[in-house]
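What's in protein39.cif: mmCIF, C-alpha atoms
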```cif
data_entry
loop_
_atom_site.label_atom_id
_atom_site.label_comp_id
_atom_site.auth_asym_id
_atom_site.auth_seq_id
_atom_site.Cartn_x
_atom_site.Cartn_y
_atom_site.Cartn_z
CA MET A 470 40.38 66.93 87.85
CA MET A 471 42.65 65.15 85.35
CA VAL A 472 40.30 66.15 82.53
CA VAL A 473 40.49 69.82 83.59
CA LYS A 474 44.29 69.67 83.69
CA SER A 475 44.46 68.03 80.26
CA LEU A 476 42.31 70.83 78.83
CA VAL A 477 44.13 73.68 80.58
CA ARG A 478 47.72 72.47 80.10
CA PRO A 479 47.90 73.21 76.32
CA LEU A 480 46.56 76.70 76.99
CA VAL A 481 49.09 77.62 79.67
CA ARG A 482 52.15 75.83 78.25
CA PRO A 483 53.11 78.64 75.79
CA PHE A 484 52.97 81.16 78.61
CA ALA A 485 54.92 78.85 80.91
CA GLU A 486 57.65 78.51 78.27
CA PHE A 487 57.75 82.31 77.85
CA PHE A 488 57.97 82.71 81.63
CA ARG A 489 60.84 80.27 81.98
CA ARG A 490 62.77 81.93 79.16
CA GLU A 491 62.25 85.42 80.58
CA ALA A 492 63.18 84.23 84.06
CA ALA A 493 66.38 82.60 82.81
CA SER A 494 67.33 85.75 80.91
CA GLY A 495 66.81 87.74 84.11
CA ILE A 496 69.45 85.63 85.82
CA VAL A 497 71.88 86.24 82.92
CA LEU A 498 71.04 89.95 83.12
CA MET A 499 71.81 89.99 86.82
CA ILE A 500 75.17 88.29 86.30
CA SER A 501 76.06 90.79 83.55
CA ALA A 502 75.30 93.78 85.78
CA ILE A 503 77.26 92.39 88.73
CA LEU A 504 80.26 91.52 86.54
CA ALA A 505 80.26 95.01 84.99
CA LEU A 506 80.21 96.64 88.44
CA VAL A 507 83.05 94.43 89.66
CA LEU A 508 85.23 95.13 86.61
CA ALA A 509 84.54 98.87 86.75
CA ASN A 510 85.49 99.12 90.44
CA THR A 511 88.67 97.05 90.55
CA ASP A 512 92.26 98.04 89.80
CA TRP A 513 93.31 94.50 89.00
CA GLY A 514 95.20 94.15 85.71
CA PRO A 515 93.53 95.41 82.53
CA ALA A 516 90.19 95.81 84.34
CA ARG A 517 91.19 99.36 85.23
CA TYR A 518 90.68 100.32 81.57
CA PHE A 519 87.32 98.53 81.34
CA PRO A 520 84.82 101.45 81.44
CA ALA A 521 86.78 103.30 78.73
CA ILE A 522 86.05 100.52 76.21
CA TRP A 523 82.52 101.80 75.72
CA ASP A 524 83.76 105.26 74.64
CA GLN A 525 85.75 103.93 71.69
CA HIS A 526 84.37 105.02 68.31
CA LEU A 527 83.13 102.75 65.54
CA ARG A 528 82.47 104.18 62.07
CA LEU A 529 80.15 102.64 59.48
CA ALA A 530 79.99 104.05 55.94
CA VAL A 531 77.62 102.90 53.17
CA ASN A 532 77.30 104.67 49.80
CA GLY A 533 78.57 107.97 51.11
CA TYR A 534 76.47 107.89 54.30
CA ALA A 535 78.60 107.60 57.43
CA LEU A 536 77.63 106.89 61.02
CA ASP A 537 80.27 107.50 63.67
CA HIS A 538 79.28 106.58 67.22
CA THR A 539 80.83 105.19 70.36
CA VAL A 540 80.45 101.50 71.19
CA VAL A 541 77.88 102.24 73.90
CA GLU A 542 75.90 104.43 71.47
CA TRP A 543 75.81 101.61 68.91
CA ILE A 544 74.46 99.34 71.65
CA ASN A 545 71.92 101.85 72.98
CA ASP A 546 70.73 103.24 69.63
CA GLY A 547 71.33 100.23 67.40
CA LEU A 548 71.07 96.88 69.14
CA MET A 549 68.36 98.12 71.50
CA THR A 550 66.18 98.73 68.42
CA VAL A 551 65.91 94.94 68.17
CA PHE A 552 64.80 94.89 71.82
CA PHE A 553 62.09 97.43 71.04
CA LEU A 554 61.08 95.34 68.02
CA ILE A 555 60.46 92.43 70.40
CA VAL A 556 58.59 94.78 72.77
CA GLY A 557 56.39 95.89 69.87
CA LEU A 558 55.71 92.31 68.78
CA GLU A 559 54.79 91.31 72.35
CA ILE A 560 52.45 94.28 72.73
CA LYS A 561 50.82 93.45 69.39
CA ARG A 562 50.40 89.79 70.34
CA GLU A 563 48.82 90.55 73.70
CA VAL A 564 46.48 93.21 72.27
CA LEU A 565 45.30 91.13 69.30
CA ASP A 566 45.28 87.63 70.75
CA GLY A 567 46.39 87.58 74.39
CA GLU A 568 45.75 88.85 77.88
CA LEU A 569 44.89 92.33 76.59
CA SER A 570 42.56 91.21 73.80
CA SER A 571 39.29 91.70 75.70
CA PRO A 572 38.25 94.60 77.94
CA ARG A 573 37.54 92.30 80.89
CA GLN A 574 40.92 90.60 80.66
CA ALA A 575 42.81 93.80 80.02
CA ALA A 576 41.18 96.00 82.68
CA LEU A 577 43.23 94.84 85.67
CA PRO A 578 46.77 94.88 84.15
CA ILE A 579 46.05 98.16 82.33
CA ALA A 580 44.80 99.80 85.53
CA GLY A 581 47.74 98.43 87.51
CA ALA A 582 50.21 99.61 84.88
CA LEU A 583 48.70 103.12 84.78
CA GLY A 584 48.91 103.40 88.55
CA GLY A 585 52.43 102.00 88.44
CA MET A 586 53.49 104.70 85.97
CA LEU A 587 51.66 107.72 87.36
CA MET A 588 52.50 107.33 91.05
CA PRO A 589 56.30 106.94 90.58
CA ALA A 590 56.35 109.93 88.23
CA LEU A 591 54.40 111.96 90.78
CA LEU A 592 56.71 111.04 93.66
CA PHE A 593 59.78 111.81 91.57
CA THR A 594 58.32 115.21 90.67
CA VAL A 595 57.61 115.96 94.35
CA PHE A 596 61.31 115.48 95.14
CA ASN A 597 62.69 117.15 92.01
CA HIS A 598 60.30 120.00 91.23
CA GLY A 599 62.26 123.09 90.28
CA THR A 600 65.61 121.26 90.09
CA PRO A 601 67.78 120.61 86.99
CA THR A 602 66.82 116.91 87.18
CA ALA A 603 63.05 117.49 87.09
CA GLY A 604 62.94 116.16 83.53
CA GLY A 605 63.86 112.68 84.78
CA TRP A 606 60.31 111.92 85.94
CA GLY A 607 60.11 109.04 83.44
CA ILE A 608 63.02 107.15 85.04
CA PRO A 609 61.08 105.29 87.79
CA MET A 610 58.05 104.50 85.61
CA ALA A 611 59.23 101.26 83.99
CA THR A 612 59.34 97.59 85.03
CA ASP A 613 62.07 95.16 84.01
CA ILE A 614 60.03 92.05 83.25
CA ALA A 615 63.07 89.75 82.94
CA PHE A 616 64.31 90.59 86.44
CA ALA A 617 60.82 90.47 87.96
CA LEU A 618 60.05 87.06 86.47
CA ALA A 619 63.46 85.78 87.55
CA VAL A 620 62.49 86.56 91.16
CA LEU A 621 59.14 84.80 90.68
CA GLN A 622 60.99 81.79 89.30
CA LEU A 623 62.95 81.53 92.56
CA LEU A 624 59.64 81.16 94.41
CA GLY A 625 58.62 78.13 92.35
CA PRO A 626 55.08 76.77 92.87
CA ARG A 627 54.36 79.25 95.67
CA VAL A 628 53.39 81.74 92.98
CA PRO A 629 50.08 81.04 91.17
CA LEU A 630 50.11 81.14 87.39
CA GLY A 631 47.50 83.93 87.43
CA LEU A 632 49.95 86.23 89.24
CA LYS A 633 52.66 85.54 86.66
CA VAL A 634 50.22 86.31 83.84
CA PHE A 635 49.12 89.52 85.59
CA LEU A 636 52.69 90.74 86.11
CA THR A 637 53.68 89.90 82.54
CA ALA A 638 50.65 91.68 81.04
CA LEU A 639 51.22 94.65 83.35
CA ALA A 640 54.87 94.90 82.27
CA ILE A 641 53.85 94.80 78.60
CA VAL A 642 51.43 97.71 79.13
CA ASP A 643 54.22 99.38 81.11
CA ASP A 644 56.55 98.99 78.12
CA LEU A 645 53.94 100.58 75.86
CA GLY A 646 53.73 103.51 78.27
CA ALA A 647 57.52 103.84 78.25
CA VAL A 648 57.53 103.88 74.44
CA LEU A 649 54.95 106.69 74.40
CA VAL A 650 56.86 108.66 77.02
CA ILE A 651 60.14 108.33 75.10
CA ALA A 652 58.48 109.36 71.83
CA GLY A 653 56.51 112.25 73.33
CA PHE A 654 58.78 113.74 75.98
CA TYR A 655 62.40 112.74 75.35
CA THR A 656 62.81 114.00 71.80
CA THR A 657 65.10 117.02 72.03
CA GLU A 658 65.47 118.16 68.42
CA LEU A 659 63.45 117.36 65.32
CA HIS A 660 64.74 117.28 61.75
CA LEU A 661 61.49 117.28 59.81
CA HIS A 662 63.02 116.19 56.50
CA TYR A 663 64.20 112.88 57.98
CA LEU A 664 61.00 112.54 60.02
CA TYR A 665 58.92 112.72 56.84
CA LEU A 666 61.18 110.14 55.20
CA ALA A 667 60.73 107.88 58.24
CA LEU A 668 56.95 108.25 58.13
CA GLY A 669 56.96 107.58 54.40
CA THR A 670 58.99 104.40 54.92
CA TRP A 671 56.57 103.29 57.63
CA ALA A 672 53.65 103.97 55.27
CA VAL A 673 55.25 101.63 52.71
CA LEU A 674 55.62 98.94 55.41
CA LEU A 675 51.96 99.33 56.37
CA ALA A 676 51.02 99.10 52.68
CA PHE A 677 52.93 95.80 52.50
CA ASN A 678 50.78 94.54 55.36
CA TRP A 679 47.59 95.75 53.69
CA LEU A 680 48.65 94.02 50.45
CA ARG A 681 49.16 90.83 52.50
CA ILE A 682 52.84 90.52 51.71
CA ARG A 683 54.04 87.98 54.27
CA SER A 684 57.74 87.54 53.56
CA LEU A 685 60.00 89.00 56.24
CA ARG A 686 62.51 89.73 53.48
CA ALA A 687 60.22 92.55 52.38
CA TYR A 688 59.97 94.09 55.84
CA LEU A 689 63.39 93.80 57.50
CA PRO A 690 65.50 95.73 54.94
CA LEU A 691 62.97 98.58 54.99
CA GLY A 692 63.08 98.36 58.79
CA ALA A 693 66.80 99.15 58.63
CA VAL A 694 66.05 102.15 56.40
CA LEU A 695 63.36 103.27 58.85
CA TRP A 696 65.90 103.02 61.69
CA PHE A 697 68.38 105.24 59.80
CA PHE A 698 65.77 107.93 59.11
CA MET A 699 64.57 107.82 62.73
CA LEU A 700 68.15 108.18 63.95
CA LYS A 701 68.65 111.25 61.80
CA SER A 702 65.23 112.75 62.62
CA GLY A 703 65.97 113.36 66.32
CA ILE A 704 63.31 110.95 67.59
CA HIS A 705 65.05 108.10 69.36
CA ALA A 706 66.05 105.51 66.77
CA THR A 707 64.94 102.54 68.87
CA LEU A 708 61.30 103.49 68.31
CA ALA A 709 61.78 102.28 64.74
CA GLY A 710 61.59 98.78 66.22
CA VAL A 711 58.10 99.42 67.57
CA LEU A 712 56.92 100.94 64.27
CA LEU A 713 58.31 97.97 62.35
CA ALA A 714 56.52 95.57 64.71
CA ALA A 715 53.23 97.36 64.07
CA ALA A 716 53.60 96.77 60.32
CA ILE A 717 54.58 93.08 60.33
CA PRO A 718 51.54 90.80 59.76
CA PHE A 719 50.31 89.02 62.88
CA ARG A 720 47.20 87.18 61.70
CA ILE A 721 47.39 83.72 60.18
CA PRO A 722 45.91 83.93 56.64
CA PHE A 723 43.54 80.99 57.15
CA SER A 724 40.31 80.46 59.03
CA ARG A 725 40.36 77.91 61.83
CA PRO A 726 38.69 75.12 59.74
CA GLU A 727 40.98 75.82 56.77
CA LEU A 728 44.06 75.80 58.99
CA LEU A 729 43.06 72.50 60.60
CA ARG A 730 42.40 70.99 57.17
CA ARG A 731 45.84 72.01 55.91
CA VAL A 732 47.51 70.68 59.05
CA ASP A 733 45.70 67.35 58.66
CA GLU A 734 46.83 67.12 55.02
CA ARG A 735 50.48 67.73 55.88
CA LEU A 736 50.35 65.30 58.81
CA ALA A 737 48.84 62.62 56.55
CA LEU A 738 51.64 63.23 54.05
CA LEU A 739 54.18 63.05 56.86
CA ARG A 740 52.77 59.72 58.04
CA GLU A 741 53.09 58.37 54.50
CA LYS A 742 56.69 59.51 54.24
CA THR A 743 57.65 57.93 57.55
CA GLN A 744 56.59 54.54 56.13
CA GLU A 745 59.11 54.81 53.31
CA PRO A 746 62.56 53.21 53.86
CA GLU A 747 64.40 56.37 52.76
CA ALA A 748 62.48 58.56 55.26
CA THR A 749 65.38 60.01 57.23
CA PRO A 750 64.97 62.23 60.30
CA ARG A 751 66.00 65.15 58.08
CA VAL A 752 63.00 64.59 55.78
CA ILE A 753 60.65 64.46 58.75
CA SER A 754 62.24 67.60 60.22
CA GLU A 755 61.80 69.47 56.92
CA GLU A 756 58.12 68.52 56.79
CA LEU A 757 57.59 69.76 60.34
CA GLU A 758 59.39 73.01 59.47
CA PHE A 759 57.15 73.44 56.42
CA LEU A 760 54.09 72.85 58.61
CA TYR A 761 55.29 75.48 61.09
CA LEU A 762 55.94 78.04 58.35
CA ARG A 763 52.48 77.55 56.85
CA SER A 764 50.63 77.68 60.18
CA SER A 765 52.36 80.70 61.76
CA SER A 766 52.44 84.41 60.99
CA PRO A 767 55.55 86.47 60.13
CA ALA A 768 55.26 88.24 63.49
CA GLN A 769 55.20 84.91 65.35
CA ARG A 770 58.22 83.60 63.46
CA LEU A 771 60.24 86.77 63.96
CA GLU A 772 59.47 86.93 67.67
CA GLN A 773 60.42 83.28 68.06
CA GLN A 774 63.70 83.79 66.17
CA LEU A 775 64.75 86.97 67.97
CA HIS A 776 63.57 86.35 71.51
CA SER A 777 66.55 84.34 72.69
CA VAL A 778 68.99 86.65 70.89
CA VAL A 779 67.50 89.64 72.70
CA SER A 780 67.02 87.96 76.08
CA PHE A 781 70.41 86.28 76.28
CA GLY A 782 72.50 88.59 74.09
CA ILE A 783 71.37 92.16 73.55
CA ILE A 784 69.85 92.93 76.96
CA PRO A 785 72.77 91.44 78.97
CA LEU A 786 75.17 93.38 76.72
CA PHE A 787 73.18 96.58 77.34
CA ALA A 788 73.37 95.93 81.09
CA PHE A 789 77.08 95.10 80.86
CA ALA A 790 77.82 98.38 79.03
CA ASN A 791 75.57 100.68 81.03
CA THR A 792 76.32 99.40 84.53
CA SER A 793 80.06 99.84 84.03
CA LEU A 794 79.69 102.34 86.83
CA VAL A 795 82.61 103.49 88.96
CA ILE A 796 80.98 103.94 92.36
CA GLU A 797 82.45 107.19 93.65
CA PRO A 798 81.66 108.57 97.14
CA SER A 799 79.86 111.46 95.41
CA ALA A 800 77.48 108.99 93.71
CA VAL A 801 76.74 107.31 97.06
CA ARG A 802 76.04 110.70 98.64
CA GLY A 803 73.86 111.47 95.64
CA LEU A 804 71.40 108.81 96.78
CA LEU A 805 70.16 111.41 99.29
CA SER A 806 69.84 114.10 96.62
CA PRO A 807 66.44 114.93 95.10
CA LEU A 808 67.36 112.81 92.07
CA GLY A 809 68.36 109.76 94.13
CA LEU A 810 65.43 110.04 96.54
CA GLY A 811 62.98 110.56 93.66
CA ILE A 812 64.10 107.37 91.94
CA LEU A 813 64.19 105.35 95.18
CA ALA A 814 60.77 106.56 96.28
CA GLY A 815 59.29 106.15 92.81
CA LEU A 816 60.41 102.56 92.30
CA VAL A 817 60.19 101.18 95.85
CA VAL A 818 57.10 103.06 97.10
CA GLY A 819 55.34 104.54 94.07
CA LYS A 820 55.24 101.38 91.97
CA PRO A 821 53.45 99.07 94.44
CA LEU A 822 51.24 101.86 95.77
CA GLY A 823 50.06 102.91 92.32
CA ILE A 824 49.55 99.34 91.10
CA ALA A 825 47.64 98.22 94.18
CA ALA A 826 45.51 101.38 94.41
CA LEU A 827 44.23 101.38 90.82
CA SER A 828 43.88 97.58 90.79
CA TRP A 829 41.73 97.74 93.94
CA LEU A 830 39.63 100.54 92.45
CA THR A 831 39.10 98.59 89.21
CA VAL A 832 37.97 95.48 91.10
CA ARG A 833 35.84 97.58 93.45
CA LEU A 834 34.02 99.17 90.50
CA GLY A 835 33.33 95.71 89.06
CA TRP A 836 35.38 96.27 85.90
CA ALA A 837 37.70 93.35 86.66
CA GLU A 838 38.42 90.65 89.21
CA LEU A 839 41.52 89.17 90.74
CA PRO A 840 43.05 86.27 88.76
CA PRO A 841 42.11 82.80 90.09
CA GLY A 842 44.13 81.78 93.12
CA VAL A 843 45.64 85.28 93.60
CA SER A 844 45.22 87.14 96.88
CA TRP A 845 45.60 90.86 97.49
CA ARG A 846 48.76 90.17 99.46
CA GLN A 847 50.25 88.40 96.44
CA LEU A 848 49.20 91.27 94.17
CA TRP A 849 51.02 93.66 96.52
CA GLY A 850 54.07 91.42 96.22
CA ALA A 851 53.88 91.58 92.43
CA GLY A 852 53.51 95.36 92.67
CA ILE A 853 56.69 95.56 94.72
CA LEU A 854 58.53 93.38 92.19
CA ALA A 855 57.39 95.80 89.49
CA GLY A 856 59.68 98.31 91.21
CA ILE A 857 62.61 96.48 89.60
CA GLY A 858 63.16 99.08 86.89
CA PHE A 859 66.68 98.38 85.68
CA THR A 860 66.84 98.02 81.85
CA MET A 861 64.16 100.52 80.82
CA SER A 862 64.89 102.86 83.75
CA ILE A 863 68.57 103.04 82.77
CA PHE A 864 67.53 103.57 79.15
CA VAL A 865 65.28 106.52 80.09
CA THR A 866 68.06 107.89 82.32
CA LEU A 867 70.38 108.14 79.31
CA LEU A 868 67.69 110.03 77.39
CA ALA A 869 66.65 112.32 80.24
CA LEU A 870 70.04 113.17 81.72
CA GLY A 871 72.53 112.34 78.98
CA GLU A 872 75.17 109.63 78.94
CA HIS A 873 77.91 111.67 80.61
CA SER A 874 76.09 114.13 82.89
CA ALA A 875 76.89 114.40 86.58
CA GLY A 876 73.50 113.00 87.54
CA THR A 877 73.66 109.90 85.33
CA ASP A 878 75.90 107.93 87.70
CA VAL A 879 73.73 108.90 90.65
CA ALA A 880 70.60 107.81 88.78
CA LYS A 881 72.14 104.48 87.74
CA LEU A 882 73.22 103.75 91.30
CA ALA A 883 69.78 104.70 92.62
CA ILE A 884 68.15 102.39 90.05
CA LEU A 885 70.40 99.51 91.10
CA VAL A 886 69.71 100.08 94.82
CA ALA A 887 65.97 100.51 94.26
CA SER A 888 65.76 97.41 92.04
CA LEU A 889 67.66 95.32 94.60
CA THR A 890 65.42 96.62 97.39
CA ALA A 891 62.21 96.00 95.44
CA GLY A 892 63.34 92.51 94.46
CA THR A 893 64.22 91.60 98.05
CA LEU A 894 61.01 93.01 99.57
CA GLY A 895 58.81 91.47 96.85
CA PHE A 896 60.47 88.08 97.27
CA GLY A 897 60.02 88.24 101.04
CA LEU A 898 56.33 89.17 100.85
CA LEU A 899 55.50 86.49 98.27
CA ARG A 900 57.60 83.91 100.12
CA THR A 901 55.49 84.34 103.26
CA ALA A 902 52.12 84.78 101.54
CA PRO A 903 49.64 81.89 101.96
CA THR A 904 49.27 79.83 98.81
CA GLY A 905 46.18 78.26 97.33
CA PRO A 906 45.66 75.46 94.80
CA THR A 907 47.06 76.22 91.35
CA ILE A 908 47.11 74.38 88.04
CA GLU A 909 50.63 73.41 87.10
CA PRO A 910 51.64 74.03 83.47
#
```
For the structure just supplied, provide its representation as structure tokens.
Amino acid sequence: MMVVKSLVRPLVRPFAEFFRREAASGIVLMISAILALVLANTDWGPARYFPAIWDQHLRLAVNGYALDHTVVEWINDGLMTVFFLIVGLEIKREVLDGELSSPRQAALPIAGALGGMLMPALLFTVFNHGTPTAGGWGIPMATDIAFALAVLQLLGPRVPLGLKVFLTALAIVDDLGAVLVIAGFYTTELHLHYLYLALGTWAVLLAFNWLRIRSLRAYLPLGAVLWFFMLKSGIHATLAGVLLAAAIPFRIPFSRPELLRRVDERLALLREKTQEPEATPRVISEELEFLYLRSSSPAQRLEQQLHSVVSFGIIPLFAFANTSLVIEPSAVRGLLSPLGLGILAGLVVGKPLGIAALSWLTVRLGWAELPPGVSWRQLWGAGILAGIGFTMSIFVTLLALGEHSAGTDVAKLAILVASLTAGTLGFGLLRTAPTGPTIEP
């Protein structure tokens, strides 16, 4: 048994570290949302002016080109591009070298994600067909992985690692679906001149990849240019992050034997240096940094550098700005409107139903099997947790309904209520589900 653990532990440790980081960021995200709601709904001191902060304008001018947007627009259209860059890098990693890299591995989370997108959209449409809010069908389709993993973290060892991997892979496929929905259905006006410039910039980035240019200094400035052209084109600017991620090299430029040989050489050199009297910790640290740079890809390095910034900075700031919601009686009554009921039903009922149904069908057809140690009851619990929409659901709300429409506050409140309900129900089901033996990371 000890031999098995020693072999498995190095394989699951990277995922375990990712899980802990995402779970911790979910707690920060939760605190940000609660604080924003408290400040927006209190008359104490300067807090009464709090929601108005986000409507202040900031102007940026470079070489005759000027961008004038409100603070919340800079957050939603600018900083969130970095979030979508991370989403794109995670999707690329999982497709090329992760849980989605083989058909057998990918079948279950892909099926679950498809069911978890289609069923909520269908339920929302049932409630909103023929109404002015019918275009919001994409709102209940998404899963907030940070919040969902934060709930799993509270359950500790009661949750098998296979369930955490399944939910993470499902959420990544879910994010890809959200990106496609935003690009295909929430683009209101196209300016073809800027769109062609954006596509041309992306073609240059892809050419860099093809030419095996591996310096991030070649990609990131052009990524900023791509963002500007996307912003002007009418397609949501944040999708520039996903396009940039697709162009950044992911593969390590060495075969496995060559990589191991190079690592051995650097380690031998490091051992020699540590024997020298002048070998300070700084010298050793620089050698380890050099080894990391030579044995990792640009995509790996960028994801590693940005992940904490996004998880603990950008996403909590997005939540802080976009949940500055003054809860009026009309918004509470709006929970019983077609818009409110569509979101509640989509996230709380549609998500777990769609995930469980297509997952069961995929297993039944023999295309996949449940992860080791995971029961159907636990999969249902994960499906319910996937109903925590929050970040992406609020993001789609702003695209579908506008930032200042009458329905936006109702939709935000419905998302908050649905996410809280899904988190509570999912926690309760997983807390009482029987547990089997699992391998600890």
**Message:** Applying the PyMOL selection byres ((chain A and resi 821) around 10) to the file I just gave you, which residues come out? Please list them as a PyMOL selection string.
**Reply:** chain A and resi 581+584-585+588-589+815-820+822-826+848-856+891+895
Next, dump the selected residues to file, keeping only C-alpha atoms, as a PDB file, in the coordinates of the input.
```pdb
ATOM      1  CA  GLY A 581      47.740  98.430  87.510  1.00  0.00           C
ATOM      2  CA  GLY A 584      48.910 103.400  88.550  1.00  0.00           C
ATOM      3  CA  GLY A 585      52.430 102.000  88.440  1.00  0.00           C
ATOM      4  CA  MET A 588      52.500 107.330  91.050  1.00  0.00           C
ATOM      5  CA  PRO A 589      56.300 106.940  90.580  1.00  0.00           C
ATOM      6  CA  GLY A 815      59.290 106.150  92.810  1.00  0.00           C
ATOM      7  CA  LEU A 816      60.410 102.560  92.300  1.00  0.00           C
ATOM      8  CA  VAL A 817      60.190 101.180  95.850  1.00  0.00           C
ATOM      9  CA  VAL A 818      57.100 103.060  97.100  1.00  0.00           C
ATOM     10  CA  GLY A 819      55.340 104.540  94.070  1.00  0.00           C
ATOM     11  CA  LYS A 820      55.240 101.380  91.970  1.00  0.00           C
ATOM     12  CA  LEU A 822      51.240 101.860  95.770  1.00  0.00           C
ATOM     13  CA  GLY A 823      50.060 102.910  92.320  1.00  0.00           C
ATOM     14  CA  ILE A 824      49.550  99.340  91.100  1.00  0.00           C
ATOM     15  CA  ALA A 825      47.640  98.220  94.180  1.00  0.00           C
ATOM     16  CA  ALA A 826      45.510 101.380  94.410  1.00  0.00           C
ATOM     17  CA  LEU A 848      49.200  91.270  94.170  1.00  0.00           C
ATOM     18  CA  TRP A 849      51.020  93.660  96.520  1.00  0.00           C
ATOM     19  CA  GLY A 850      54.070  91.420  96.220  1.00  0.00           C
ATOM     20  CA  ALA A 851      53.880  91.580  92.430  1.00  0.00           C
ATOM     21  CA  GLY A 852      53.510  95.360  92.670  1.00  0.00           C
ATOM     22  CA  ILE A 853      56.690  95.560  94.720  1.00  0.00           C
ATOM     23  CA  LEU A 854      58.530  93.380  92.190  1.00  0.00           C
ATOM     24  CA  ALA A 855      57.390  95.800  89.490  1.00  0.00           C
ATOM     25  CA  GLY A 856      59.680  98.310  91.210  1.00  0.00           C
ATOM     26  CA  ALA A 891      62.210  96.000  95.440  1.00  0.00           C
ATOM     27  CA  GLY A 895      58.810  91.470  96.850  1.00  0.00           C
TER      28      GLY A 895
END
```
**Q.** Close residues, A:Thr860 itself excluded, 10 Å, all atoms listed in the file, min 5 positions apart in chain, as a VMD selection string
**A.** chain A and resid 498 611 to 616 784 to 785 787 to 788 791 to 792 865 to 866 884
Would you compute an axis-aligned box for stretch 793-804 of chain A, covering every atom listed for it in the file with 5 Å of margin on each side, and report centre and edge lengths in Å to one decimal as AutoDock Vina command-line options?
```
--center_x 77.0 --center_y 105.7 --center_z 91.3 --size_x 21.2 --size_y 21.6 --size_z 24.6
```
Notebook entry, point to check: Any idea what's packed within 9 Å of stretch 705-713 of chain A, counting only C-alpha atoms, ignoring anything in its chain fewer than 5 positions away? Could you give it as a PyMOL selection string?
Noted result: chain A and resi 545-558+648+651-652+655-656+667+671+674-675+688-689+691-693+695-700+868
Just-selected residues, C-alpha atoms written as a JSON list (two decimals), keeping the file's coordinate frame:
```
[["chain", "number", "residue", "atom", "x", "y", "z"],
["A", 545, "ASN", "CA", 71.92, 101.85, 72.98],
["A", 546, "ASP", "CA", 70.73, 103.24, 69.63],
["A", 547, "GLY", "CA", 71.33, 100.23, 67.40],
["A", 548, "LEU", "CA", 71.07, 96.88, 69.14],
["A", 549, "MET", "CA", 68.36, 98.12, 71.50],
["A", 550, "THR", "CA", 66.18, 98.73, 68.42],
["A", 551, "VAL", "CA", 65.91, 94.94, 68.17],
["A", 552, "PHE", "CA", 64.80, 94.89, 71.82],
["A", 553, "PHE", "CA", 62.09, 97.43, 71.04],
["A", 554, "LEU", "CA", 61.08, 95.34, 68.02],
["A", 555, "ILE", "CA", 60.46, 92.43, 70.40],
["A", 556, "VAL", "CA", 58.59, 94.78, 72.77],
["A", 557, "GLY", "CA", 56.39, 95.89, 69.87],
["A", 558, "LEU", "CA", 55.71, 92.31, 68.78],
["A", 648, "VAL", "CA", 57.53, 103.88, 74.44],
["A", 651, "ILE", "CA", 60.14, 108.33, 75.10],
["A", 652, "ALA", "CA", 58.48, 109.36, 71.83],
["A", 655, "TYR", "CA", 62.40, 112.74, 75.35],
["A", 656, "THR", "CA", 62.81, 114.00, 71.80],
["A", 667, "ALA", "CA", 60.73, 107.88, 58.24],
["A", 671, "TRP", "CA", 56.57, 103.29, 57.63],
["A", 674, "LEU", "CA", 55.62, 98.94, 55.41],
["A", 675, "LEU", "CA", 51.96, 99.33, 56.37],
["A", 688, "TYR", "CA", 59.97, 94.09, 55.84],
["A", 689, "LEU", "CA", 63.39, 93.80, 57.50],
["A", 691, "LEU", "CA", 62.97, 98.58, 54.99],
["A", 692, "GLY", "CA", 63.08, 98.36, 58.79],
["A", 693, "ALA", "CA", 66.80, 99.15, 58.63],
["A", 695, "LEU", "CA", 63.36, 103.27, 58.85],
["A", 696, "TRP", "CA", 65.90, 103.02, 61.69],
["A", 697, "PHE", "CA", 68.38, 105.24, 59.80],
["A", 698, "PHE", "CA", 65.77, 107.93, 59.11],
["A", 699, "MET", "CA", 64.57, 107.82, 62.73],
["A", 700, "LEU", "CA", 68.15, 108.18, 63.95],
["A", 868, "LEU", "CA", 67.69, 110.03, 77.39]]
```
Taking the file as shown, find all residues satisfying the PyMOL selection byres ((chain A and resi 789) around 12) and write them as a compact mmCIF listing (two decimals) with C-alpha atoms, in the frame of the given file.
```txt
# COMPACT_ATOMS: atom_id res chain seq x y z
CA VAL A 497 71.88 86.24 82.92
CA LEU A 498 71.04 89.95 83.12
CA MET A 499 71.81 89.99 86.82
CA ILE A 500 75.17 88.29 86.30
CA SER A 501 76.06 90.79 83.55
CA ALA A 502 75.30 93.78 85.78
CA ILE A 503 77.26 92.39 88.73
CA LEU A 504 80.26 91.52 86.54
CA ALA A 505 80.26 95.01 84.99
CA LEU A 506 80.21 96.64 88.44
CA VAL A 507 83.05 94.43 89.66
CA LEU A 508 85.23 95.13 86.61
CA ALA A 509 84.54 98.87 86.75
CA PHE A 519 87.32 98.53 81.34
CA PRO A 520 84.82 101.45 81.44
CA ILE A 522 86.05 100.52 76.21
CA TRP A 523 82.52 101.80 75.72
CA VAL A 541 77.88 102.24 73.90
CA ILE A 544 74.46 99.34 71.65
CA ASN A 545 71.92 101.85 72.98
CA PHE A 781 70.41 86.28 76.28
CA GLY A 782 72.50 88.59 74.09
CA ILE A 783 71.37 92.16 73.55
CA ILE A 784 69.85 92.93 76.96
CA PRO A 785 72.77 91.44 78.97
CA LEU A 786 75.17 93.38 76.72
CA PHE A 787 73.18 96.58 77.34
CA ALA A 788 73.37 95.93 81.09
CA ALA A 790 77.82 98.38 79.03
CA ASN A 791 75.57 100.68 81.03
CA THR A 792 76.32 99.40 84.53
CA SER A 793 80.06 99.84 84.03
CA LEU A 794 79.69 102.34 86.83
CA PHE A 859 66.68 98.38 85.68
CA THR A 860 66.84 98.02 81.85
CA ILE A 863 68.57 103.04 82.77
```
